[in-house]
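Read through the structure below, which is laid out as structure tokens, and then see the notes.
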Amino acid sequence: MWAAESRYGRRFFAVVPPILLLCYVPAIFGSLEILPRQSDAYDWMAQYLLPFGLFLLVVTTDIPAIFRLGWPVLVVMLVGSAGVMAGAILSYYLVRSFLPTDAWTVFVAITGSWIGGGSNFAALREAVAMPDRLTGPAIVVDATVGYIWLGIVLFMARHQDWVRRFYEPRELESHVDDATAEVEQSPVSAEQLVILIAVALPVAVGCMWAGSALFSAISDTLHTMPAMQGVLSAYTFGILAVTLSAILLSFTPLRKLERFGATPVGYATQFIFFTSLGAQADIAAILELPVLLLAGILWIGVHILFLAIISRALRTPLYVPAIASIANVSGPSVAAIVGAEYGKNLAALGLLLGLLGNLLGTWAGLGIALLFRFVG
């Protein structure tokens, strides 16, 4: 991540997304037996590090600012998310006869990723217990298809008048404060890091404990509902408790944890967790399941179709569906970068829409999981 921001690394990482190396390098080390495929450290990261980082990322979200974006922008964003869900359903049922029975977990995890970013992928991957042998193919599809689409969206930033061939876009009133685009962030001090750990870690651990207790209390009932098995678990309840408590606490002074470096620390935990996913992944397994790549292309195509239809209906400028799409598929930080490419005052729009996707991703993925389990 440091190299991606360095003077000499930017050109390389403009082509090769840093998240790929975070997953692929540990995967190569795992194949060479330098890193173990299984470790108690990976389990610890899933149980504590991931919820801790997820809490920090959500609790600092300015939810009222999201709703001030204006209804056309929010509608486009939500329709884009619906397109991701519809694409997951359509592509899965078209190709499932060519896939192993537990491949539905891949579609659940990527749904979370393509609505809210990598933290949702990680959370859902653990929540539905995706097999390690499918983690590699899932990462390949997520990154490959997602970043191909990102390249197309960045290309379109230089050709925004192209949309006038189909309709005349109307001007949208801006509800975004330019100051939201970039928060002045100094290096996190030791004292700030200790405060973040002291506040966020007990909440995250408490939520995971509460999720486990709730699951134990209703486990007998769940045994009578076979469709719920593999979807609802102690981990699932814990992650939902983390996100829900973070949303509620974001309306309190705890949202000011951003001043202590909550967002960079939160992202750092996600990056570390992704290395553990890579170490457990078998990247070569995608060669055995090439149909997943075809499903991913169809999937993103449905998402694009939904955005095209709603943008035409609302006559929004091209930057609205473009930024909303990347906010879904790639998350807040990349959406902010894309927003800046479409207009110097649009970085904040990408950031806020990405945060909205981050809030929705886990819930949407679990909804898809329930559908797959009930319908079969």
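For the structure tokens, the naming scheme is as follows: chains receive sequential letters (A, B, ...) according to their order of presentation, residues are indexed from 1 within each chain, and ligands are indexed from 1 in presentation order.
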List every residue of stretch 87-161 of chain A that DSSP, applied to the backbone of this structure, places in alpha helix (DSSP H), and write the result as number ranges by chain.
A: 87-95, 104-116, 118-127, 132-156
Check which residues of stretch 97-204 of chain A sit at most 6 Å from stretch 325-338 of chain A using only C-alpha atoms, and return one row each with the closest pair of atoms and their distance in Å to one decimal, ordered by chain and rising number, as a Markdown table.
| residue | atom | partner | partner_atom | distance |
| --- | --- | --- | --- | --- |
| A:Trp114 | CA | A:Val329 | CA | 3.7 |
| A:Ile115 | CA | A:Asn328 | CA | 4.1 |
| A:Gly116 | CA | A:Gly331 | CA | 5.3 |
| A:Gly117 | CA | A:Gly331 | CA | 4.2 |
Please determine, counting only C-alpha atoms, which residue among A:Arg68, A:Phe12, A:Met156, A:Met77 has the shortest atom-to-atom distance to A:Val320.
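Once distances to A:Val320 are computed over only C-alpha atoms, the minimum belongs to A:Met77.
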At what distance in Å, to one decimal, does atom CA of A:Ala190 lie from atom CA of A:Phe260?
10.2 Å
Can you work out which one of A:Ile110, A:Ile89, A:Asp43, A:Gln160 has the shortest atom-to-atom distance to A:Ala122, counting only C-alpha atoms?
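The answer is A:Ile110, which sits nearest to A:Ala122.
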Any idea what's packed within 6 Å of A:Gln280, counting only C-alpha atoms, ignoring anything in its chain fewer than 2 positions away? Could you give it as a list in words?
Arg37, Asp132, Leu277 and Gly278 of chain A
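Of note, atom CA of A:Gly301 and atom CA of A:Val58 are spaced 28.9 Å apart.
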Would you pick out the contacts of A:Val302 at 10 Å or less, using only C-alpha atoms, so that residues sharing its chain but fewer than 3 positions from it are not included, and give the list as a PDB file with C-alpha atoms, in the first residue's frame?
ATOM      1  CA  GLY A  80     -26.972  -0.119  -9.065  1.00  0.00           C
ATOM      2  CA  ALA A  82     -30.114  -3.945  -6.996  1.00  0.00           C
ATOM      3  CA  GLY A  83     -28.416  -4.661 -10.322  1.00  0.00           C
ATOM      4  CA  VAL A  84     -25.559  -6.393  -8.513  1.00  0.00           C
ATOM      5  CA  MET A  85     -28.043  -8.559  -6.611  1.00  0.00           C
ATOM      6  CA  ALA A  86     -30.051  -9.357  -9.749  1.00  0.00           C
ATOM      7  CA  GLY A  87     -26.847 -10.177 -11.619  1.00  0.00           C
ATOM      8  CA  ALA A  88     -25.779 -12.548  -8.843  1.00  0.00           C
ATOM      9  CA  LEU A  90     -29.226 -14.612 -12.794  1.00  0.00           C
ATOM     10  CA  SER A  91     -25.594 -15.629 -13.323  1.00  0.00           C
ATOM     11  CA  GLY A 296     -18.775 -12.528 -13.486  1.00  0.00           C
ATOM     12  CA  ILE A 297     -18.911 -10.833 -16.894  1.00  0.00           C
ATOM     13  CA  LEU A 298     -22.644 -11.533 -17.217  1.00  0.00           C
ATOM     14  CA  TRP A 299     -23.124 -10.387 -13.645  1.00  0.00           C
ATOM     15  CA  LEU A 305     -27.956  -2.480 -17.628  1.00  0.00           C
ATOM     16  CA  PHE A 306     -29.794  -1.474 -14.451  1.00  0.00           C
ATOM     17  CA  LEU A 307     -27.730   1.711 -14.216  1.00  0.00           C
ATOM     18  CA  ALA A 308     -28.278   2.558 -17.885  1.00  0.00           C
TER      19      ALA A 308
END
Separating atom CA of A:Leu56 from atom CA of A:Thr263, to the nearest tenth of an Å, is a gap of 6.4 Å
